[in-house]
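What follows is a single structure, written as structure tokens, with notes after it.
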Amino acid sequence: MLCRKCVLPENKPDITLNTDGVCNICLDSQKKGTGQSGQVLPESEVIKILNKYKGSGKHDCLVMCSGGKDSTLSLYYMKKRYKMNPLAFTFDHGFENEEALENIRNAVDILGVDWLYYKSDFMKGIFTEMLKSQTKVPLCHVCAIWYLGLTLETAKQQGTPLIVAGWTKGQFIGEGDPGLEYRAMSRATEDFVKNHLRKIPPYKDFSASIGEALKRARRKIKAEIISPHWFLRYDPAEAERILERELNWQAPKSSYPRGSTNCLMNFVSVYLSMKNYGYSHYHIEMSKLIRMGELSRQEALKMLEIDFNEDFIRGITGRLNRGVGNKDEIQTGL
Amino acid sequence: MNILGISCFCHDSAACLSQDGKIIAAASEERFNRQKSSSAFPIQATNFCLQKAGLTVYDIDYLGFHEKPFLKFSRVILGHLEAYPFSLGNFLDTMPCWLQDRLIMPLVFKQELGYEGKPLFIKHHLAHAASSFLVSPFEEAAILTADGVGEWATTAYGLGKGNNIEIFKEIYFPDSLGLLYTAVTTYLGFAALEGEGKVMGLASYGKPVYLDKFKQIVNVHPDGSFSLAQRFFGFNRGSRMYNAKFIKLFGRERQIGEEIEERHCDIAASLQKFTEDILIGITRKIHQELKVDQLCLAGGLFLNCVANNKILEDTPFKEIFIQPAAGDSGGALGVSSYIYNSILNNRRNYIMSDAYLGPDFSTENIRRILFNREIKFKELGDAELCRYIAARIAGDKIVGWFQGRMEFGPRALGNRSILANPCNPGMKDLLNSKVKQRESFRPYAPAVLEEKAGDFFQAKQFSPFMLLAAKVREDKRSVIPAVTHIDGSARVQVVNKEASPKFWLLIRELENLTGVPVVMNTSFNLRGQPIVCSPEDALNSFEDSQMDCLALENLVVERT
């Protein structure tokens with residue numbers, strides 16, 4: 001049963017529903033008076049941040065660009081709306097969606113921005129380990145730890161201490177408490193990394209949380225991470241219209257949540273999260289957006305509908321066999 | 001050409017954005033930060049204006065401010081010196097504000113907005129003059145501005161011709177009709193900058209028997225100008241604007257919340273009459289000198305719709321234009337127009353025919369909010385909505401009406417309004433008790449179909465911005481008792497079909513039901529709060545009052 005106000009299910013002890021069917025997180029948000037609609041910060045705040053970095057190096061900022069609508073829109077905003085000179089940065093762990101890569105190619109060509117494309121099989125091995133161990137850790141959590149560290153490292157190399165992401169207001173990235181909704185997933189991640197992953201030599205230095213990854217990186221570079229979507233009204237439909245019109249952007253045929261352009265491994269992560277927790281990190285993000293008045297519960301539920309099956313997931317995990325020296329199908333517990 | 005006009009650090013802060021001379025967006029900061037008459041830097045209003053136009057501050061070609069801070073500072077500092085040691089408290093209170101922002105405006109624009117260009121500073125009364133003439137339909141017009149005080153000027157007149165404005169004469173601080181009105185407002189126990197409209201309403205209940213006393217405290221000169229006898233005032237001498245001599249002359253001041261006596265009504269009536277007489281004297285002189293028949297008015301004093309109408313009725317001017325943000329918020333509008341038209345010498349290409357320059361919210365957005373708040377609603381088409389709401393009003397229900405873009409200026413003109421049946425004699429009391437909690441002497445305004453205005457009201461000219469009072473025709477006073485003031489006047493807003501199609505249709509539907517093309521219209525806010533801006537504000541006000549029904553765009557919420 002989902003919360004009557006947002007889309008989170010009960011997940012004791014962290015998420016509980018009261019007798020009216022409303023979760024403790026919604027109740028807490030109501031009590032604190034947070035979650036009013038509108039932007040978190042006025043847009044002039046982002047301008048002030050951008051002004052600090054404008055003209056400070058070869059590129060003014062590094063834009064994490066996956067080819068999805070939110071990150072491509074961030075790149076578009078940096079170049080067109082804020083007149084910055086961005087460097088687009090894409091990391092590909094081997095499961096990047098072809099349509100997304102095509103979207104980035106179009107965007108960087110049309111906008112005339114430099115593009116750094118980084119492909120690595122590093123995560124393939126971790127994904128394999130995670131699936132083999134049948135851990136409850138969401139794949140995307142571990143991947144997020146990796147790509148944040150990688151992005152900060154790249155920002156240092158490129159001399160661009162301003163990192164721009166395509167995160168919505170519902171996405172938590174930081175060093176503090178990620179919140180009750182993430183607690184079970186975060187604990188599982190920390191436990192898995194510390195007690196399993198770090199025992200495997202290539203991964204002995206892997207960070208156990210995003211907070212730890214950020215802390216480590218900040219010893220090397222004082223970077224600032226922002227997302228323009230934190231300062232602007234979130235309107236996915238309008239975002240798509242702008243991108244299609246201006247950057248020849250194409251929505252992918254298959255995606256999760258509906259209307260996004262996430263990598264293929266994202267499907268697997270969501271599938272397993274639903275199985276293990278009854279919700280995914282997208283449920284958390286969208287619940288936050290609902291509380292902020294940026295999405296309705298109905299819209300969120302529609303976007304979160306799962307229209308892929310186990311065979312589709314097997315097709316993706318089957319790709320893990322390639323290039324990891326394993327002829328047999330990985331036993332994933334699926 | 002994108003020009004941003006800003007007014008702030010006095011009261012009614014606002015931002016206004018023009019593109020190639022056309023006003024694209026304008027709003028007061030109070031609507032966003034929910035602090036009535038906010039003087040704060042209009043950061044949210046500016047963000048709104050830029051986002052409405054799809055711009056950022058990087059796209060702004062010129063940024064203008066509604067006064068010259070150093071000139072104003074010279075007046076402030078001299079005022080303090082003159083009144084020393086009585087001014088010490090005021091001095092210590094205000095100096096930090098001057099030092100931390102008002103004297104370093106370019107830095108403030110950089111810090112607050114990231115604007116790195118060179119701002120332009122336009123004199124306060126010139127900005128007021130521009131805010132009226134440059135967006136008026138007149139090719140040539142006399143201009144009169146009056147408010148509390150700008151830098152030094154409190155009153156100014158001049159001539160607007162084409163895209164130029166020439167100011168001929170100014171009256172300087174401390175001689176100010178605006179300050180006089182505010183001083184008496186506070187003496188009568190109402191808040192400054194909020195209570196002036198109340199005093200105007202109270203005036204109808206009294207007789208102007210104190211005119212002689214006002215003549216003792218204000219000297220009117222043969223050329224129409226005036227000076228305040230400073231021995232009765234204390235503008236820099238503490239927290240009160242009037243002093244012991246004033247109290248000796250007029251009697252004990254009324255404390256906030258004290259009962260209103262006949263004497264208070266008479267003082268209000270005398271103040272109103274005295275102000276009107278001075279304004280009429282000045283405008284007659286202006287007409288004699290300039291020999292033009294059109295007049296543009298601006299400045300907070302001209303939010304006084306009764307005085308405005310007297311000027312129209314009792315002077316040779318044939319037409320008057322007053323834009324809806326006649327007070328300080330309009331300074332932002334004046335600045336952007338003045339820069340485009342007068343400084344950059346571009347032909348005028350914009351007439352302010354409506355006030356709908358603020359934020360709007362899509363039905364989709366409102367539907368989402370209602371879903372998330374688990375509020376039941378029904379969705380209707382435009383025609384059906386107007387029919388439905390008209391029936392509710394005709395049935396004596398009080399309706400919150402939230403449509404389209406928010407009005408710029410202090411009046412709700414049918415987009416952020418509370419509407420009710422003007423034909424019900426008890427409606428004023430009902431509205432007061434269920435929603436507005438206003439003083440009983442304050443009138444409510446009628447909004448009437450423009451083409452039917454003459455059938456119900458008598459005036460030389462009607463205002464779409466509720467800025468010209470009119471007489472209710474004798475035979476109609478009993479038809480619309482809830483909007484007829486005690487003296488038979490009304491603060492009429494005429495509703496034009498092109499400018500406000502939905503509001504017009506609603507009144508038309510009401511006419512179909514009641515035979516009266518008039519709706520009772522008051523601002524959508526609760527006591528002490530600014531007018532609502534967002535659907536959430538509207539819902540909060542709806543929930544905190546006893547309004548019967550709320551139309552948020554085409555979504556209707558009923559009180560259950």
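Identifiers for the structure tokens are assigned positionally: chains receive A, B, ... in sequence, residues are indexed from 1 per chain, and ligands are indexed from 1 in the order shown.
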For stretch 318-321 of chain B, list every protein, DNA or RNA residue within 9 Å, evaluated using only C-alpha atoms, and leave out those in the same chain fewer than 2 positions away; present the list as a VMD selection string. chain B and resid 132 to 133 136 to 138 293 to 298 308 311 to 313 315 to 316 323 460 to 461 463
Residues of stretch 94-266 of chain B in strand (DSSP E or B) according to DSSP, as number ranges by chain? B: 120-121, 140-146, 153-161, 164-172, 218-220, 226-228, 233, 242
Counting only C-alpha atoms, which residues in chain A sit no more than 7 Å from chain B? For each one, give the nearest pair of atoms and the distance in Å, sorted by chain then residue number, as JSON lines.
{"residue": "A:Lys5", "atom": "CA", "partner": "B:Asn372", "partner_atom": "CA", "distance": 6.3}
{"residue": "A:Pro42", "atom": "CA", "partner": "B:Asn47", "partner_atom": "CA", "distance": 6.5}
{"residue": "A:Glu43", "atom": "CA", "partner": "B:Asn47", "partner_atom": "CA", "distance": 6.2}
{"residue": "A:Ser44", "atom": "CA", "partner": "B:Leu113", "partner_atom": "CA", "distance": 5.1}
{"residue": "A:Ile47", "atom": "CA", "partner": "B:Gly114", "partner_atom": "CA", "distance": 5.8}
{"residue": "A:Lys48", "atom": "CA", "partner": "B:Gly114", "partner_atom": "CA", "distance": 5.2}
{"residue": "A:Asn51", "atom": "CA", "partner": "B:Gly114", "partner_atom": "CA", "distance": 6.8}
{"residue": "A:Arg81", "atom": "CA", "partner": "B:Thr56", "partner_atom": "CA", "distance": 6.6}
{"residue": "A:Tyr82", "atom": "CA", "partner": "B:Tyr58", "partner_atom": "CA", "distance": 6.9}
{"residue": "A:Ile290", "atom": "CA", "partner": "B:Asn372", "partner_atom": "CA", "distance": 7.0}
{"residue": "A:Gly293", "atom": "CA", "partner": "B:Ile369", "partner_atom": "CA", "distance": 5.8}
{"residue": "A:Leu295", "atom": "CA", "partner": "B:Arg368", "partner_atom": "CA", "distance": 6.4}
{"residue": "A:Ser296", "atom": "CA", "partner": "B:Arg368", "partner_atom": "CA", "distance": 4.7}
{"residue": "A:Arg297", "atom": "CA", "partner": "B:Asn372", "partner_atom": "CA", "distance": 6.6}
Could those residues be written to a file, using N, CA and C atoms, as a PDB file, in the first residue's frame?
ATOM      1  N   LYS A   5      -0.633  10.372  -0.042  1.00  0.00           N
ATOM      2  CA  LYS A   5      -0.221  11.678  -0.571  1.00  0.00           C
ATOM      3  C   LYS A   5       0.937  11.570  -1.554  1.00  0.00           C
ATOM      4  N   PRO A  42      15.564  31.459  -5.610  1.00  0.00           N
ATOM      5  CA  PRO A  42      15.340  32.281  -6.808  1.00  0.00           C
ATOM      6  C   PRO A  42      16.481  32.094  -7.814  1.00  0.00           C
ATOM      7  N   GLU A  43      16.157  32.308  -9.069  1.00  0.00           N
ATOM      8  CA  GLU A  43      17.143  32.047 -10.117  1.00  0.00           C
ATOM      9  C   GLU A  43      18.354  32.963  -9.993  1.00  0.00           C
ATOM     10  N   SER A  44      18.136  34.134  -9.389  1.00  0.00           N
ATOM     11  CA  SER A  44      19.277  35.038  -9.227  1.00  0.00           C
ATOM     12  C   SER A  44      20.391  34.387  -8.401  1.00  0.00           C
ATOM     13  N   ILE A  47      22.656  32.638 -10.769  1.00  0.00           N
ATOM     14  CA  ILE A  47      23.443  33.629 -11.522  1.00  0.00           C
ATOM     15  C   ILE A  47      24.663  34.046 -10.699  1.00  0.00           C
ATOM     16  N   LYS A  48      24.421  34.243  -9.396  1.00  0.00           N
ATOM     17  CA  LYS A  48      25.533  34.676  -8.544  1.00  0.00           C
ATOM     18  C   LYS A  48      26.637  33.617  -8.527  1.00  0.00           C
ATOM     19  N   ASN A  51      28.401  33.590 -11.942  1.00  0.00           N
ATOM     20  CA  ASN A  51      29.284  34.755 -12.117  1.00  0.00           C
ATOM     21  C   ASN A  51      30.663  34.532 -11.503  1.00  0.00           C
ATOM     22  N   ARG A  81      20.954  30.038 -21.884  1.00  0.00           N
ATOM     23  CA  ARG A  81      20.288  30.897 -20.907  1.00  0.00           C
ATOM     24  C   ARG A  81      21.293  31.707 -20.083  1.00  0.00           C
ATOM     25  N   TYR A  82      22.400  31.036 -19.717  1.00  0.00           N
ATOM     26  CA  TYR A  82      23.346  31.707 -18.831  1.00  0.00           C
ATOM     27  C   TYR A  82      24.632  32.132 -19.527  1.00  0.00           C
ATOM     28  N   ILE A 290       6.299  15.652  -5.452  1.00  0.00           N
ATOM     29  CA  ILE A 290       4.870  15.778  -5.114  1.00  0.00           C
ATOM     30  C   ILE A 290       4.715  16.723  -3.932  1.00  0.00           C
ATOM     31  N   GLY A 293       4.878  20.147  -4.797  1.00  0.00           N
ATOM     32  CA  GLY A 293       3.830  20.626  -5.702  1.00  0.00           C
ATOM     33  C   GLY A 293       4.271  20.648  -7.147  1.00  0.00           C
ATOM     34  N   LEU A 295       4.751  17.909  -9.007  1.00  0.00           N
ATOM     35  CA  LEU A 295       4.146  16.755  -9.677  1.00  0.00           C
ATOM     36  C   LEU A 295       2.884  16.397  -8.916  1.00  0.00           C
ATOM     37  N   SER A 296       1.911  15.839  -9.604  1.00  0.00           N
ATOM     38  CA  SER A 296       0.778  15.307  -8.850  1.00  0.00           C
ATOM     39  C   SER A 296       1.032  13.822  -8.613  1.00  0.00           C
ATOM     40  N   ARG A 297       0.348  13.285  -7.645  1.00  0.00           N
ATOM     41  CA  ARG A 297       0.524  11.868  -7.333  1.00  0.00           C
ATOM     42  C   ARG A 297       0.157  11.026  -8.553  1.00  0.00           C
TER      43      ARG A 297
END
Selection: 9 Å around B:Leu159, only C-alpha atoms, excl. self and same-chain fewer than 4 positions, as a PyMOL selection string: chain B and resi 133+140-144+164-168+290
Can you tell me, as a PyMOL selection string, what residues are no more than 9 Å from stretch 415-424 of chain B when counting only C-alpha atoms, ignoring any on the same chain fewer than 5 positions away? chain B and resi 356+392-407+431+444-446+478-484+500+503+510+514+516+518-525+531-533+538+547+550
Tell me which protein, DNA and RNA residues are within 12 Å of A:Phe206, counting only C-alpha atoms, leaving out same-chain ones fewer than 5 positions away, and put them as a count of residues only. 27
Considering only C-alpha atoms, return as number ranges by chain whatever protein or nucleic-acid residues lie within 9 Å of B:Arg284, sequence-local ones (same chain, fewer than 3 positions apart) excluded. B: 224, 279-281, 287-289, 311, 314-317
With only C-alpha atoms as the atoms that count, which of B:Thr182, B:Gln100, B:Ser433, B:Asn163 lies nearest to B:Ala129? B:Asn163
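Atom CA of B:Phe190 sits 19.0 Å away from atom CA of B:Tyr210.
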What lies within 10 Å of A:Thr160 using only C-alpha atoms, ignoring chain neighbours under 5 positions off, as an MDAnalysis selection string? chainID A and resid 53 56:63 86:87 152 154:155 221:224
In Å to one decimal, how far is atom CA of B:Ala390 from atom CA of B:Leu513? 7.6 Å
With distances taken over only C-alpha atoms, which residue among B:Arg442, B:Lys471, B:Arg231, B:Arg387 lies nearest B:Met200? B:Arg442
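Separating atom CA of A:Tyr77 from atom CA of A:Thr90 is a distance of 16.9 Å.
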Go through A:Phe89, A:Phe95, A:Tyr282, A:Trp230 and flag the residue nearest A:Cys263, using only C-alpha atoms for the distances. A:Phe95
DSSP says helix (DSSP H, G or I) for which residues of stretch 275-480 of chain B? Put them as an MDAnalysis selection string? chainID B and resid 275:290 300:303 305:314 330:343 363:372 382:394 427:436 450:456 474:476
Generate a file of the selected residues that holds C-alpha atoms, formatted as a PDB file, in the first residue's frame.
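Below is the file result37.pdb, written as the result:
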ATOM      1  CA  THR B 275      -6.552  67.839  -0.195  1.00  0.00           C
ATOM      2  CA  GLU B 276      -9.011  67.877  -3.051  1.00  0.00           C
ATOM      3  CA  ASP B 277      -9.179  71.690  -3.002  1.00  0.00           C
ATOM      4  CA  ILE B 278      -5.408  72.014  -3.158  1.00  0.00           C
ATOM      5  CA  LEU B 279      -5.145  69.483  -5.976  1.00  0.00           C
ATOM      6  CA  ILE B 280      -7.928  71.189  -7.885  1.00  0.00           C
ATOM      7  CA  GLY B 281      -6.183  74.551  -7.398  1.00  0.00           C
ATOM      8  CA  ILE B 282      -2.903  73.176  -8.703  1.00  0.00           C
ATOM      9  CA  THR B 283      -4.457  71.418 -11.680  1.00  0.00           C
ATOM     10  CA  ARG B 284      -6.437  74.508 -12.677  1.00  0.00           C
ATOM     11  CA  LYS B 285      -3.200  76.493 -12.688  1.00  0.00           C
ATOM     12  CA  ILE B 286      -1.513  73.778 -14.717  1.00  0.00           C
ATOM     13  CA  HIS B 287      -4.319  73.858 -17.254  1.00  0.00           C
ATOM     14  CA  GLN B 288      -4.104  77.637 -17.478  1.00  0.00           C
ATOM     15  CA  GLU B 289      -0.394  77.455 -18.087  1.00  0.00           C
ATOM     16  CA  LEU B 290      -0.101  74.451 -20.385  1.00  0.00           C
ATOM     17  CA  GLY B 300       0.620  57.495  -4.104  1.00  0.00           C
ATOM     18  CA  LEU B 301      -1.714  60.432  -3.532  1.00  0.00           C
ATOM     19  CA  PHE B 302      -3.534  59.582  -6.743  1.00  0.00           C
ATOM     20  CA  LEU B 303      -4.632  56.217  -5.443  1.00  0.00           C
ATOM     21  CA  CYS B 305     -10.073  57.818  -6.376  1.00  0.00           C
ATOM     22  CA  VAL B 306     -12.397  60.369  -4.771  1.00  0.00           C
ATOM     23  CA  ALA B 307      -9.889  63.193  -5.205  1.00  0.00           C
ATOM     24  CA  ASN B 308      -9.104  62.013  -8.735  1.00  0.00           C
ATOM     25  CA  ASN B 309     -12.737  62.291  -9.675  1.00  0.00           C
ATOM     26  CA  LYS B 310     -12.977  65.762  -8.140  1.00  0.00           C
ATOM     27  CA  ILE B 311     -10.041  66.863 -10.261  1.00  0.00           C
ATOM     28  CA  LEU B 312     -11.819  65.537 -13.321  1.00  0.00           C
ATOM     29  CA  GLU B 313     -15.139  67.148 -12.380  1.00  0.00           C
ATOM     30  CA  ASP B 314     -13.894  70.522 -11.162  1.00  0.00           C
ATOM     31  CA  GLY B 330       4.752  52.089 -10.398  1.00  0.00           C
ATOM     32  CA  GLY B 331       8.209  53.651 -10.155  1.00  0.00           C
ATOM     33  CA  ALA B 332       9.594  50.449 -11.664  1.00  0.00           C
ATOM     34  CA  LEU B 333       7.259  50.842 -14.618  1.00  0.00           C
ATOM     35  CA  GLY B 334       8.154  54.511 -15.010  1.00  0.00           C
ATOM     36  CA  VAL B 335      11.860  53.765 -15.004  1.00  0.00           C
ATOM     37  CA  SER B 336      11.704  51.131 -17.724  1.00  0.00           C
ATOM     38  CA  SER B 337       9.473  53.313 -19.910  1.00  0.00           C
ATOM     39  CA  TYR B 338      11.563  56.425 -19.350  1.00  0.00           C
ATOM     40  CA  ILE B 339      14.775  54.663 -20.309  1.00  0.00           C
ATOM     41  CA  TYR B 340      13.283  53.203 -23.488  1.00  0.00           C
ATOM     42  CA  ASN B 341      11.271  56.189 -24.658  1.00  0.00           C
ATOM     43  CA  SER B 342      12.957  59.267 -23.293  1.00  0.00           C
ATOM     44  CA  ILE B 343      16.607  58.394 -22.737  1.00  0.00           C
ATOM     45  CA  THR B 363      -4.855  24.759 -14.918  1.00  0.00           C
ATOM     46  CA  GLU B 364      -2.526  21.763 -14.925  1.00  0.00           C
ATOM     47  CA  ASN B 365      -0.443  23.319 -12.201  1.00  0.00           C
ATOM     48  CA  ILE B 366      -3.507  24.140 -10.094  1.00  0.00           C
ATOM     49  CA  ARG B 367      -5.000  20.703 -10.658  1.00  0.00           C
ATOM     50  CA  ARG B 368      -1.766  19.211  -9.323  1.00  0.00           C
ATOM     51  CA  ILE B 369      -1.912  21.357  -6.193  1.00  0.00           C
ATOM     52  CA  LEU B 370      -5.536  20.398  -5.571  1.00  0.00           C
ATOM     53  CA  PHE B 371      -4.779  16.716  -6.073  1.00  0.00           C
ATOM     54  CA  ASN B 372      -1.864  16.887  -3.692  1.00  0.00           C
ATOM     55  CA  ASP B 382     -15.105  29.013 -19.654  1.00  0.00           C
ATOM     56  CA  ALA B 383     -18.779  29.629 -20.450  1.00  0.00           C
ATOM     57  CA  GLU B 384     -19.973  26.998 -18.008  1.00  0.00           C
ATOM     58  CA  LEU B 385     -17.679  28.352 -15.304  1.00  0.00           C
ATOM     59  CA  CYS B 386     -18.974  31.898 -15.691  1.00  0.00           C
ATOM     60  CA  ARG B 387     -22.568  30.683 -15.640  1.00  0.00           C
ATOM     61  CA  TYR B 388     -21.918  28.565 -12.582  1.00  0.00           C
ATOM     62  CA  ILE B 389     -20.071  31.257 -10.627  1.00  0.00           C
ATOM     63  CA  ALA B 390     -22.653  33.880 -11.595  1.00  0.00           C
ATOM     64  CA  ALA B 391     -25.357  31.625 -10.165  1.00  0.00           C
ATOM     65  CA  ARG B 392     -23.389  31.255  -6.941  1.00  0.00           C
ATOM     66  CA  ILE B 393     -22.968  35.028  -6.649  1.00  0.00           C
ATOM     67  CA  ALA B 394     -26.631  35.621  -7.452  1.00  0.00           C
ATOM     68  CA  MET B 427     -23.709  41.657   1.655  1.00  0.00           C
ATOM     69  CA  LYS B 428     -21.200  44.212   2.942  1.00  0.00           C
ATOM     70  CA  ASP B 429     -21.674  43.023   6.513  1.00  0.00           C
ATOM     71  CA  LEU B 430     -21.660  39.398   5.417  1.00  0.00           C
ATOM     72  CA  LEU B 431     -18.426  39.850   3.505  1.00  0.00           C
ATOM     73  CA  ASN B 432     -16.916  41.688   6.448  1.00  0.00           C
ATOM     74  CA  SER B 433     -17.874  39.009   8.924  1.00  0.00           C
ATOM     75  CA  LYS B 434     -17.077  35.962   6.782  1.00  0.00           C
ATOM     76  CA  VAL B 435     -13.949  37.063   4.984  1.00  0.00           C
ATOM     77  CA  LYS B 436     -12.527  40.553   5.078  1.00  0.00           C
ATOM     78  CA  GLU B 450     -18.050  48.980 -19.588  1.00  0.00           C
ATOM     79  CA  GLU B 451     -20.940  49.388 -22.002  1.00  0.00           C
ATOM     80  CA  LYS B 452     -23.469  49.490 -19.135  1.00  0.00           C
ATOM     81  CA  ALA B 453     -21.524  51.762 -16.768  1.00  0.00           C
ATOM     82  CA  GLY B 454     -23.521  54.854 -17.723  1.00  0.00           C
ATOM     83  CA  ASP B 455     -26.785  53.146 -16.835  1.00  0.00           C
ATOM     84  CA  PHE B 456     -25.755  52.770 -13.231  1.00  0.00           C
ATOM     85  CA  GLU B 474     -30.207  57.917  -7.744  1.00  0.00           C
ATOM     86  CA  ASP B 475     -32.553  55.290  -9.107  1.00  0.00           C
ATOM     87  CA  LYS B 476     -29.888  52.593  -8.895  1.00  0.00           C
TER      88      LYS B 476
END
